[in-house]
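For reference, my_file-v4.csv (CSV, C-alpha atoms):
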chain,number,residue,atom,x,y,z
D,1,MET,CA,-17.7,14.7,-4.5
D,2,GLU,CA,-19.5,11.6,-3.5
D,3,ALA,CA,-18.8,8.2,-2.0
D,4,SER,CA,-20.1,5.3,-4.1
D,5,GLY,CA,-23.6,4.4,-2.9
D,6,ASP,CA,-23.7,1.0,-1.4
D,7,THR,CA,-26.5,-1.2,-2.8
D,8,GLU,CA,-29.0,-2.3,-0.3
D,9,GLU,CA,-28.6,-5.9,0.7
D,10,PRO,CA,-30.8,-8.1,2.8
D,11,PRO,CA,-29.6,-8.2,6.4
D,12,LEU,CA,-27.8,-11.5,6.2
D,13,PRO,CA,-25.8,-12.4,9.3
D,14,LEU,CA,-22.6,-10.4,8.8
D,15,ALA,CA,-22.4,-10.4,5.0
D,16,LEU,CA,-18.9,-9.0,4.4
D,17,THR,CA,-19.9,-6.7,1.5
D,18,ARG,CA,-22.2,-4.8,3.8
D,19,PHE,CA,-19.1,-3.7,5.7
D,20,GLN,CA,-16.8,-2.9,2.7
D,21,VAL,CA,-14.8,-6.0,3.6
D,22,SER,CA,-13.5,-8.1,0.7
D,23,GLU,CA,-13.6,-11.9,0.5
D,24,GLU,CA,-10.1,-11.8,-1.1
D,25,PHE,CA,-8.4,-8.8,0.5
D,26,GLY,CA,-10.2,-8.4,3.9
D,27,PHE,CA,-9.9,-4.9,5.2
D,28,LEU,CA,-7.4,-3.9,2.5
D,29,LEU,CA,-8.9,-1.6,-0.3
D,30,PRO,CA,-9.1,-4.0,-3.3
D,31,ASP,CA,-6.7,-2.9,-6.0
D,32,PRO,CA,-6.5,0.8,-5.1
D,33,LEU,CA,-6.4,3.5,-7.8
D,34,THR,CA,-2.9,4.9,-8.3
D,35,GLU,CA,-3.8,8.2,-10.1
D,36,LEU,CA,-6.4,10.8,-9.5
D,37,PRO,CA,-8.3,12.5,-12.4
D,38,ALA,CA,-6.4,15.2,-14.3
D,39,PRO,CA,-7.7,18.3,-12.3
D,40,TYR,CA,-5.9,16.9,-9.3
D,41,GLY,CA,-2.5,16.8,-11.0
D,42,PRO,CA,-1.0,19.5,-8.6
D,43,TRP,CA,-1.7,17.1,-5.7
D,44,MET,CA,-0.2,14.1,-7.5
D,45,ASP,CA,2.9,16.0,-8.7
D,46,ILE,CA,3.8,17.0,-5.1
D,47,ALA,CA,2.9,13.5,-3.7
D,48,HIS,CA,5.1,11.7,-6.1
D,49,GLU,CA,8.1,13.9,-5.1
D,50,LEU,CA,7.6,13.9,-1.4
D,51,PRO,CA,10.9,12.3,-0.3
D,52,ARG,CA,12.9,14.7,-2.4
D,53,LEU,CA,10.9,17.8,-1.4
D,54,ILE,CA,11.1,16.9,2.3
D,55,GLU,CA,14.8,16.1,2.3
D,56,SER,CA,15.6,19.3,0.4
D,57,HIS,CA,13.3,21.3,2.8
D,58,GLN,CA,11.2,22.5,-0.2
D,59,LEU,CA,7.8,20.8,0.5
D,60,ARG,CA,6.3,23.7,2.5
D,61,SER,CA,7.1,26.2,-0.2
D,62,HIS,CA,5.6,23.9,-2.9
D,63,VAL,CA,2.4,23.5,-0.8
D,64,HIS,CA,2.1,27.3,-0.4
D,65,GLN,CA,2.1,27.6,-4.2
D,66,MET,CA,-0.4,24.8,-4.7
D,67,PRO,CA,-3.8,25.9,-6.0
D,68,GLN,CA,-6.8,25.3,-3.8
D,69,LEU,CA,-8.7,22.6,-5.7
D,70,SER,CA,-12.4,21.8,-5.4
D,71,THR,CA,-13.2,18.2,-4.2
D,72,GLN,CA,-16.4,18.2,-6.2
D,73,GLN,CA,-14.9,16.2,-9.1
D,74,LEU,CA,-13.9,13.3,-7.0
D,75,ARG,CA,-16.2,10.3,-7.7
D,76,GLY,CA,-16.6,7.1,-5.8
D,77,ARG,CA,-14.9,5.5,-2.8
D,78,GLU,CA,-11.6,4.6,-4.6
D,79,GLU,CA,-11.0,8.2,-5.8
D,80,LEU,CA,-11.8,9.5,-2.3
D,81,HIS,CA,-9.4,7.0,-0.7
D,82,LEU,CA,-6.6,8.0,-3.0
D,83,ALA,CA,-7.2,11.7,-2.4
D,84,HIS,CA,-7.2,11.1,1.3
D,85,LEU,CA,-3.9,9.1,1.0
D,86,VAL,CA,-2.3,11.8,-1.1
D,87,LEU,CA,-3.4,14.7,1.2
D,88,SER,CA,-2.5,12.7,4.3
D,89,PHE,CA,1.1,12.1,3.1
D,90,ILE,CA,1.5,15.7,2.0
D,91,THR,CA,0.2,16.9,5.4
D,92,MET,CA,2.6,14.7,7.4
D,93,GLY,CA,5.5,15.9,5.3
D,94,TYR,CA,4.4,19.5,5.7
D,95,VAL,CA,4.1,19.3,9.5
D,96,TRP,CA,7.2,17.3,10.1
D,97,GLN,CA,9.5,18.6,7.4
D,98,GLU,CA,11.9,20.3,9.9
D,99,GLY,CA,11.6,17.7,12.6
D,100,GLU,CA,9.9,18.0,16.0
D,101,GLU,CA,11.6,21.3,16.8
D,102,GLY,CA,10.4,23.0,13.5
D,103,THR,CA,6.7,22.1,13.5
D,104,VAL,CA,4.0,24.4,12.3
D,105,GLN,CA,0.8,25.7,14.1
D,106,VAL,CA,-1.3,26.0,10.9
D,107,LEU,CA,-2.1,23.8,8.0
D,108,PRO,CA,-2.7,26.2,5.1
D,109,GLN,CA,-6.2,26.5,3.6
D,110,ASN,CA,-5.3,25.2,0.2
D,111,LEU,CA,-4.4,21.9,1.8
D,112,ALA,CA,-6.6,21.9,4.9
D,113,VAL,CA,-10.0,22.6,3.3
D,114,PRO,CA,-9.9,19.8,0.6
D,115,TYR,CA,-8.4,17.5,3.1
D,116,TRP,CA,-11.2,18.2,5.6
D,117,GLU,CA,-13.9,17.7,2.9
D,118,VAL,CA,-12.4,14.4,1.7
D,119,SER,CA,-12.1,13.2,5.3
D,120,GLN,CA,-15.7,14.1,6.0
D,121,ALA,CA,-16.9,12.2,2.9
D,122,LEU,CA,-15.1,9.1,4.0
D,123,GLY,CA,-15.8,9.4,7.7
D,124,LEU,CA,-12.0,9.4,8.4
D,125,PRO,CA,-10.0,11.9,10.5
D,126,PRO,CA,-7.9,14.5,8.7
D,127,ILE,CA,-4.6,12.8,9.5
D,128,LEU,CA,-2.5,9.9,8.2
D,129,SER,CA,-4.0,6.7,9.6
D,130,HIS,CA,-3.6,2.9,9.1
D,131,ALA,CA,-6.5,3.1,6.6
D,132,ASP,CA,-4.3,5.3,4.3
D,133,PHE,CA,-0.8,4.2,5.1
D,134,VAL,CA,-1.4,0.5,4.6
D,135,LEU,CA,-4.9,-0.4,3.5
D,136,ALA,CA,-5.1,2.0,0.5
D,137,ASN,CA,-1.4,2.4,-0.3
D,138,TRP,CA,-0.5,-0.6,-2.4
D,139,ARG,CA,-0.3,-1.8,-6.0
D,140,ARG,CA,0.9,-4.9,-7.8
D,141,LYS,CA,3.9,-4.5,-10.1
D,142,ASP,CA,2.4,-7.2,-12.3
D,143,PRO,CA,-1.4,-7.4,-12.0
D,144,ASN,CA,-1.3,-11.1,-13.0
D,145,ARG,CA,1.0,-12.2,-10.2
D,146,PRO,CA,0.0,-12.8,-6.6
D,147,LEU,CA,0.1,-10.5,-3.6
D,148,GLU,CA,3.7,-11.2,-2.6
D,149,ILE,CA,6.2,-8.6,-1.4
D,150,GLU,CA,8.4,-9.0,-4.5
D,151,ASN,CA,5.3,-8.1,-6.6
D,152,LEU,CA,4.1,-5.2,-4.5
D,153,ASP,CA,4.9,-1.5,-4.2
D,154,THR,CA,3.5,1.5,-2.4
D,155,ILE,CA,1.6,4.2,-4.2
D,156,ILE,CA,2.8,7.2,-2.2
D,157,THR,CA,5.9,7.3,0.0
D,158,LEU,CA,7.9,9.5,2.4
D,159,PRO,CA,11.6,9.6,3.5
D,160,GLY,CA,12.8,6.2,4.5
D,161,GLY,CA,13.4,4.5,1.2
D,162,GLU,CA,13.3,0.7,1.2
D,163,SER,CA,12.7,0.5,4.9
D,164,LEU,CA,9.6,2.5,4.6
D,165,ARG,CA,8.4,0.4,1.7
D,166,GLY,CA,9.2,-2.7,3.7
D,167,PHE,CA,7.3,-1.4,6.8
D,168,ILE,CA,4.2,-0.7,4.8
D,169,LEU,CA,4.2,-3.9,2.8
D,170,VAL,CA,5.0,-6.2,5.6
D,171,THR,CA,2.1,-4.7,7.6
D,172,LEU,CA,0.0,-5.2,4.5
D,173,LEU,CA,1.0,-8.9,4.4
D,174,VAL,CA,-0.1,-9.2,8.0
D,175,GLU,CA,-3.5,-7.8,7.0
D,176,LYS,CA,-3.7,-10.2,4.0
D,177,ALA,CA,-2.8,-13.2,6.3
D,178,ALA,CA,-5.8,-12.3,8.5
D,179,VAL,CA,-8.3,-12.8,5.6
D,180,PRO,CA,-9.2,-16.4,6.4
D,181,GLY,CA,-9.7,-15.4,10.0
D,182,ILE,CA,-12.1,-12.7,9.0
D,183,LYS,CA,-14.1,-15.2,6.9
D,184,ALA,CA,-14.0,-17.6,9.9
D,185,ILE,CA,-15.6,-15.0,12.1
D,186,VAL,CA,-18.6,-14.9,9.7
D,187,ARG,CA,-18.8,-18.7,9.7
D,188,ALA,CA,-18.5,-18.9,13.5
D,189,LEU,CA,-21.3,-16.4,14.0
D,190,GLY,CA,-23.5,-18.2,11.5
D,191,ALA,CA,-22.9,-21.6,13.3
D,192,ILE,CA,-23.7,-20.4,16.9
D,193,PRO,CA,-27.5,-19.8,16.4
D,194,GLN,CA,-27.7,-23.2,14.5
D,195,CYS,CA,-25.8,-25.0,17.3
D,196,ASP,CA,-23.7,-26.4,14.5
D,197,GLU,CA,-20.7,-27.4,16.6
D,198,GLU,CA,-18.8,-29.0,13.7
D,199,SER,CA,-18.9,-25.8,11.6
D,200,LEU,CA,-18.0,-23.7,14.7
D,201,HIS,CA,-15.0,-26.0,15.5
D,202,ARG,CA,-13.8,-25.7,11.9
D,203,ALA,CA,-14.2,-21.9,11.9
D,204,LEU,CA,-12.2,-21.6,15.2
D,205,GLU,CA,-9.4,-23.8,13.8
D,206,GLU,CA,-9.3,-21.6,10.7
D,207,LEU,CA,-9.1,-18.5,12.9
D,208,ALA,CA,-6.2,-19.9,14.9
D,209,GLY,CA,-4.4,-20.7,11.7
D,210,ALA,CA,-4.9,-17.2,10.3
D,211,ILE,CA,-3.5,-15.6,13.5
D,212,GLN,CA,-0.5,-17.9,13.3
D,213,ALA,CA,0.0,-16.8,9.7
D,214,MET,CA,-0.2,-13.2,10.8
D,215,SER,CA,2.7,-13.8,13.2
D,216,ALA,CA,4.7,-15.4,10.4
D,217,ALA,CA,4.1,-12.4,8.2
D,218,LEU,CA,5.1,-10.0,11.0
D,219,ARG,CA,8.5,-11.8,11.4
D,220,ARG,CA,9.4,-10.6,7.9
D,221,MET,CA,9.8,-7.1,9.3
D,222,HIS,CA,13.4,-8.0,10.3
D,223,ASP,CA,14.2,-8.7,6.6
D,224,TYR,CA,12.9,-5.5,5.2
D,225,VAL,CA,13.1,-2.7,7.8
D,226,ASP,CA,16.2,-1.2,9.3
D,227,PRO,CA,15.6,-0.2,12.9
D,228,GLU,CA,17.8,2.9,12.7
D,229,VAL,CA,16.0,4.1,9.6
D,230,PHE,CA,12.6,3.3,11.1
D,231,TYR,CA,13.3,5.2,14.4
D,232,SER,CA,15.4,8.1,13.1
D,233,VAL,CA,13.7,8.9,9.8
D,234,ILE,CA,10.3,7.2,9.4
D,235,ARG,CA,8.7,7.3,12.8
D,236,ILE,CA,8.2,11.1,13.1
D,237,PHE,CA,6.1,11.1,9.9
D,238,LEU,CA,3.6,8.7,11.6
D,239,SER,CA,3.3,11.0,14.6
D,240,GLY,CA,0.1,12.9,15.3
D,241,TRP,CA,-0.8,16.1,17.2
D,242,LYS,CA,-2.6,14.6,20.1
D,243,ASP,CA,-0.7,13.7,23.3
D,244,ASN,CA,2.5,14.7,21.5
D,245,PRO,CA,4.8,17.1,23.5
D,246,ALA,CA,6.2,18.3,20.2
D,247,MET,CA,2.8,19.7,19.2
D,248,PRO,CA,1.0,20.4,22.5
D,249,HIS,CA,-1.7,22.6,21.1
D,250,GLY,CA,-2.6,20.5,18.1
D,251,LEU,CA,-3.0,22.0,14.6
D,252,VAL,CA,-5.2,24.7,13.1
D,253,TYR,CA,-6.8,23.6,9.9
D,254,GLU,CA,-7.0,27.0,8.2
D,255,GLY,CA,-10.4,27.7,6.6
D,256,VAL,CA,-12.0,24.8,8.6
D,257,SER,CA,-11.9,26.1,12.2
D,258,PRO,CA,-9.9,28.8,14.0
D,259,GLU,CA,-9.4,26.5,16.9
D,260,PRO,CA,-6.6,23.9,16.8
D,261,MET,CA,-7.6,20.2,16.5
D,262,ALA,CA,-5.8,17.2,17.9
D,263,PHE,CA,-5.6,13.8,16.2
D,264,SER,CA,-3.5,10.7,17.0
D,265,GLY,CA,-0.9,9.5,14.6
D,266,GLY,CA,-0.9,6.2,12.8
D,267,SER,CA,-0.9,3.1,15.0
D,268,ALA,CA,-1.3,-0.6,14.6
D,269,ALA,CA,-4.2,-0.2,17.1
D,270,GLN,CA,-6.1,1.3,14.2
D,271,SER,CA,-6.1,-2.0,12.3
D,272,THR,CA,-9.7,-3.5,12.4
D,273,VAL,CA,-8.4,-7.1,12.5
D,274,LEU,CA,-7.4,-7.4,16.1
D,275,HIS,CA,-10.4,-5.5,17.3
D,276,ALA,CA,-12.6,-8.0,15.4
D,277,PHE,CA,-10.8,-10.9,16.9
D,278,ASP,CA,-11.0,-9.4,20.4
D,279,GLU,CA,-14.7,-8.9,20.2
D,280,LEU,CA,-15.3,-12.4,18.8
D,281,LEU,CA,-13.3,-14.1,21.6
D,282,GLY,CA,-14.7,-11.8,24.3
D,283,ILE,CA,-11.3,-10.4,25.4
D,284,CYS,CA,-11.8,-7.7,28.0
D,285,HIS,CA,-9.0,-5.2,28.2
D,286,ARG,CA,-8.3,-3.0,31.3
D,287,GLN,CA,-9.9,0.4,31.5
D,288,ASP,CA,-7.0,2.5,30.2
D,289,SER,CA,-6.1,0.2,27.3
D,290,ALA,CA,-9.8,-0.4,26.4
D,291,ALA,CA,-10.4,3.4,26.3
D,292,PHE,CA,-7.4,3.9,24.0
D,293,LEU,CA,-8.4,1.0,21.7
D,294,HIS,CA,-12.0,2.4,21.5
D,295,ARG,CA,-10.6,5.8,20.5
D,296,MET,CA,-8.6,4.2,17.8
D,297,ARG,CA,-11.8,2.8,16.2
D,298,HIS,CA,-12.6,6.4,15.1
D,299,TYR,CA,-9.6,6.2,12.8
D,300,MET,CA,-11.0,3.2,10.9
D,301,PRO,CA,-13.3,3.5,7.9
D,302,PRO,CA,-16.9,3.7,9.4
D,303,ALA,CA,-18.0,0.4,7.7
D,304,HIS,CA,-15.1,-1.5,9.3
D,305,ARG,CA,-15.9,0.0,12.7
D,306,ALA,CA,-19.5,-1.1,12.2
D,307,PHE,CA,-18.3,-4.7,11.5
D,308,VAL,CA,-16.5,-4.7,14.9
D,309,GLU,CA,-19.6,-3.4,16.6
D,310,GLU,CA,-21.7,-6.1,15.0
D,311,ILE,CA,-19.4,-8.8,16.3
D,312,ARG,CA,-19.8,-7.4,19.8
D,313,ARG,CA,-23.3,-8.7,19.9
D,314,ALA,CA,-22.1,-12.3,19.5
D,315,SER,CA,-21.7,-14.6,22.5
D,316,LEU,CA,-19.1,-17.1,21.3
D,317,ARG,CA,-17.4,-17.4,24.6
D,318,GLN,CA,-20.7,-18.1,26.4
D,319,HIS,CA,-21.7,-20.6,23.8
D,320,VAL,CA,-18.4,-22.5,24.2
D,321,LEU,CA,-18.8,-22.5,27.9
D,322,SER,CA,-22.4,-23.7,28.0
D,323,SER,CA,-21.7,-26.4,25.3
D,324,GLY,CA,-19.4,-28.3,27.6
D,325,ASP,CA,-17.7,-29.5,24.4
D,326,ALA,CA,-14.0,-30.2,25.1
D,327,ARG,CA,-13.0,-29.9,21.4
D,328,LEU,CA,-14.7,-26.6,21.1
D,329,ARG,CA,-13.0,-25.3,24.2
D,330,ALA,CA,-9.6,-26.5,23.0
D,331,ALA,CA,-10.1,-24.7,19.6
D,332,PHE,CA,-11.3,-21.5,21.3
D,333,ASN,CA,-8.3,-21.6,23.6
D,334,ARG,CA,-6.0,-22.1,20.7
D,335,CYS,CA,-7.3,-18.9,19.1
D,336,VAL,CA,-6.7,-17.0,22.3
D,337,SER,CA,-3.3,-18.5,22.7
D,338,GLU,CA,-2.3,-17.6,19.1
D,339,LEU,CA,-3.6,-14.0,19.6
D,340,ALA,CA,-1.6,-13.7,22.8
D,341,ALA,CA,1.5,-15.0,21.0
D,342,PHE,CA,1.0,-12.5,18.2
D,343,ARG,CA,0.9,-9.7,20.7
D,344,SER,CA,4.0,-11.0,22.4
D,345,TYR,CA,5.8,-11.0,19.1
D,346,HIS,CA,4.6,-7.5,18.4
D,347,ILE,CA,6.2,-6.5,21.7
D,348,THR,CA,9.5,-8.0,20.5
D,349,ILE,CA,9.3,-6.0,17.3
D,350,VAL,CA,8.5,-2.8,19.2
D,351,THR,CA,11.5,-3.4,21.5
D,352,LYS,CA,13.8,-3.7,18.5
D,353,TYR,CA,12.4,-0.9,16.5
D,354,ILE,CA,11.6,1.6,19.2
D,355,ALA,CA,13.1,0.9,22.6
D,356,SER,CA,16.5,-0.3,21.5
D,357,ALA,CA,16.7,2.2,18.7
D,358,ALA,CA,15.7,5.0,21.1
D,359,ALA,CA,18.5,4.1,23.5
D,360,ARG,CA,21.0,4.2,20.6
D,361,ALA,CA,19.5,7.5,19.4
D,362,LYS,CA,19.7,9.0,22.9
D,363,ALA,CA,23.4,8.2,23.0
D,364,ARG,CA,23.9,9.8,19.6
D,365,ARG,CA,22.1,12.9,20.6
D,366,ALA,CA,24.6,13.4,23.4
D,367,GLU,CA,27.4,13.6,20.8
D,368,PRO,CA,28.6,17.0,19.8
D,369,GLY,CA,27.4,18.4,16.5
D,370,ALA,CA,24.1,16.5,16.4
D,371,ARG,CA,21.9,18.1,13.7
D,372,GLY,CA,18.1,18.6,13.6
D,373,GLY,CA,15.4,17.6,11.1
D,374,PRO,CA,14.3,14.2,10.1
D,375,SER,CA,16.1,14.2,6.8
D,376,ALA,CA,19.3,14.8,8.7
D,377,GLY,CA,18.6,11.6,10.6
D,378,ARG,CA,18.2,13.2,14.0
D,379,PRO,CA,15.5,11.1,15.7
D,380,PRO,CA,12.6,12.6,17.5
D,381,ALA,CA,12.8,12.6,21.3
D,382,ALA,CA,9.2,13.6,22.2
D,383,LEU,CA,7.8,10.1,21.7
D,384,GLU,CA,10.6,8.0,23.0
D,385,ALA,CA,8.3,6.1,25.4
D,386,GLN,CA,5.1,6.5,23.4
D,387,GLY,CA,3.5,5.0,20.3
D,388,THR,CA,2.8,7.2,17.4
D,389,GLY,CA,-0.9,6.9,18.3
D,390,GLY,CA,-0.1,8.4,21.7
D,391,SER,CA,-0.2,5.4,24.0
D,392,HIS,CA,2.5,4.7,26.6
D,393,ILE,CA,3.7,1.9,24.4
D,394,PHE,CA,5.1,-0.9,26.6
D,395,SER,CA,2.6,-0.6,29.4
D,396,PHE,CA,-0.2,-0.6,26.8
D,397,LEU,CA,1.2,-3.6,24.8
D,398,LYS,CA,1.9,-5.7,27.8
D,399,SER,CA,-1.5,-5.0,29.4
D,400,VAL,CA,-3.3,-5.9,26.1
D,401,ARG,CA,-1.2,-9.1,25.8
D,402,ASP,CA,-1.8,-10.1,29.4
D,403,THR,CA,-5.6,-9.5,29.2
D,404,THR,CA,-5.6,-11.6,26.0
D,405,ARG,CA,-4.1,-14.5,27.9
D,406,GLU,CA,-6.7,-14.1,30.6
D,407,GLY,CA,-9.3,-14.9,28.0
D,408,MET,CA,-8.5,-18.6,28.0
D,409,ILE,CA,-11.4,-20.9,29.2
D,410,SER,CA,-10.1,-23.1,32.0
D,411,ALA,CA,-11.1,-26.8,32.0
Show this structure as C-alpha cells.
Amino acid sequence: MEASGDTEEPPLPLALTRFQVSEEFGFLLPDPLTELPAPYGPWMDIAHELPRLIESHQLRSHVHQMPQLSTQQLRGREELHLAHLVLSFITMGYVWQEGEEGTVQVLPQNLAVPYWEVSQALGLPPILSHADFVLANWRRKDPNRPLEIENLDTIITLPGGESLRGFILVTLLVEKAAVPGIKAIVRALGAIPQCDEESLHRALEELAGAIQAMSAALRRMHDYVDPEVFYSVIRIFLSGWKDNPAMPHGLVYEGVSPEPMAFSGGSAAQSTVLHAFDELLGICHRQDSAAFLHRMRHYMPPAHRAFVEEIRRASLRQHVLSSGDARLRAAFNRCVSELAAFRSYHITIVTKYIASAAARAKARRAEPGARGGPSAGRPPAALEAQGTGGSHIFSFLKSVRDTTREGMISA
C-alpha cells in the first residue's frame, strides 16, 4: 500500500499542485475511482448494498463474515481514497445501524485494522469526514458532460435516498463554485510582494464573485434535500464518537488499540475552502470557535491543511491597510461581506434542517409508540443542539459569522 509519490517541484509561491489542489476541481478529488481492484470485492459488495443492509438490520452480521483483507495491494492516492470512502461508510453504518440507543463499543478487527492502515497512509482520521463524504464521493453519469447536478451521482451511499444524494451533491457544487476563489488566492498572494495593485484588485473581485457563487449553490439545498429525511434518517450517520452523549467512551478499534478512541463526525467545518478564505482575509475567530476550527483541520487531507497553513503567512489585510488604496479596500471589504453573507445563509440552512426539524422530531418522540433505529425514522436526540462535528451549533455559527463581519476594514 502506497500513496502516489508527489514529484518534486520548485517552491513556486503557492503552486496548487504542490498541495493536491486541482485547477479545475479545487479541493475535490479529480474524477475519483469508482471501483477497487478485484481482491477488495468483499468491501465493495457490502458498500454497494449499504442502505438495504442497514434498513434490514443485516449490516453488522455481514461485516462479521467479511474477510480481513491486506491493504498492501492498494496503489496510489485514488485507490486509497476510494478504500477510505468505502470503509468509512461501512463503519458509520456498522456503528449506527440500530440508532443512538443501539451503538457498539468495538469496531471488529477485520474492519478496524485495514481502515486504520488506509487512514494512516492518507493522513486522515479513521472516521467519515468531509474529505470522504463529498470530496471523493462523486462521479459523472456522462463523462463528456459538465459537472452539473443532473449529470452527477454519488459512488457510495447510506439510507436517505434522494435527499442524501442531494445533500452530498449540493455540497459538492458549493466546493466547485469555490474554485475561482482558490485560484484568486494564489494570484492575490503573488501580487502582494510585487505591489501589483491592479492584479490584486482583480483577484479580490474574483474571490468575492466565487463566494457569491457558493451562496447561490448552497441555496439549491432546498430543492434537493427534505429536512425531515435529513434530520431523522441521514444525520445520525454523520455523527462521530467525540463529544457525543450517545457514545461517551468513544470506539475501540479492535486490533489497533485496546483503548477507545474518539473522533468527531463529518462537518462543514472540515471543508478547506472557508479556512483558506479566513486566513487570506485575516479573520480572527473567538477562542472557542477558533479552537474547534483548528481541530477540524486534522480531518482534512494533510496537503490541503498545508495549503491553509501556507496562506497564514500572508499579510493581505496589512497590505491593503498600508496601501491607502480605496479601490483595494472596497474589494477587500466586498470579500469579507460576501463571506459573512455565506455564513448567515448557512445559519438559515441549519435552522431549517436541524433546529426546526429537531423541534418537530421532539414533538413526534412524545407520541405513543415511537420506534427506535434510524431506518425506522426515529431521529437521534443526543445531538439536538450540536453539529455532527461536536460543536454547539448555533453559538458556534453565529460567533463565526459575527467575527467575519468584524474583519471589515473601516474607511
Problem set entry | Selection: 8 Å around range 148-157 of chain D, only C-alpha atoms, excl. self and same-chain fewer than 3 positions, as a list in words |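 With the cut-off at 8 Å, the set is Thr34, Ala47, His48, Leu50, Pro51, Leu85, Val86, Phe89, Asn137, Trp138, Arg139, Arg140, Lys141, Asp142, Arg145, Leu164, Arg165, Ile168, Leu169, Val170 and Leu173 of chain D.
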Could you pull out every residue with an atom within 12 Å of (-18.4, -27.1, 24.9), file coordinates, counting all atoms listed in the file, and send them as a CSV table (one decimal) with C-alpha atoms, in the frame of the given file?
chain,number,residue,atom,x,y,z
D,192,ILE,CA,-23.7,-20.4,16.9
D,195,CYS,CA,-25.8,-25.0,17.3
D,196,ASP,CA,-23.7,-26.4,14.5
D,197,GLU,CA,-20.7,-27.4,16.6
D,198,GLU,CA,-18.8,-29.0,13.7
D,200,LEU,CA,-18.0,-23.7,14.7
D,201,HIS,CA,-15.0,-26.0,15.5
D,316,LEU,CA,-19.1,-17.1,21.3
D,317,ARG,CA,-17.4,-17.4,24.6
D,318,GLN,CA,-20.7,-18.1,26.4
D,319,HIS,CA,-21.7,-20.6,23.8
D,320,VAL,CA,-18.4,-22.5,24.2
D,321,LEU,CA,-18.8,-22.5,27.9
D,322,SER,CA,-22.4,-23.7,28.0
D,323,SER,CA,-21.7,-26.4,25.3
D,324,GLY,CA,-19.4,-28.3,27.6
D,325,ASP,CA,-17.7,-29.5,24.4
D,326,ALA,CA,-14.0,-30.2,25.1
D,327,ARG,CA,-13.0,-29.9,21.4
D,328,LEU,CA,-14.7,-26.6,21.1
D,329,ARG,CA,-13.0,-25.3,24.2
D,330,ALA,CA,-9.6,-26.5,23.0
D,331,ALA,CA,-10.1,-24.7,19.6
D,332,PHE,CA,-11.3,-21.5,21.3
D,333,ASN,CA,-8.3,-21.6,23.6
D,409,ILE,CA,-11.4,-20.9,29.2
D,410,SER,CA,-10.1,-23.1,32.0
D,411,ALA,CA,-11.1,-26.8,32.0
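Counting from CA of Phe133 in chain D, the distance to CA of His81 in chain D is 10.7 Å.
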Problem set entry | Nearest to Val21 in chain D by atom-to-atom distance, counting all atoms listed in the file, from D:Phe307, D:Tyr40, D:Phe277, D:Tyr299 |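 Residue with the minimum atom-to-atom distance to Val21 in chain D: D:Phe307.
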Exercise. What gap, in Å, lies between CA of Leu293 in chain D and CA of Leu82 in chain D?
Worked result: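 CA of Leu82 in chain D lies at a distance of 25.7 Å from CA of Leu293 in chain D.
Considering the residues D:Ser199, D:Leu59, D:Ala291, D:Ser215 and counting only C-alpha atoms, Asp45 in chain D has its shortest atom-to-atom contact with D:Leu59.
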Seminar exercise, completed: Expressed in Å, the length from CA of Ala355 in chain D to CA of Glu228 in chain D is 11.1 Å
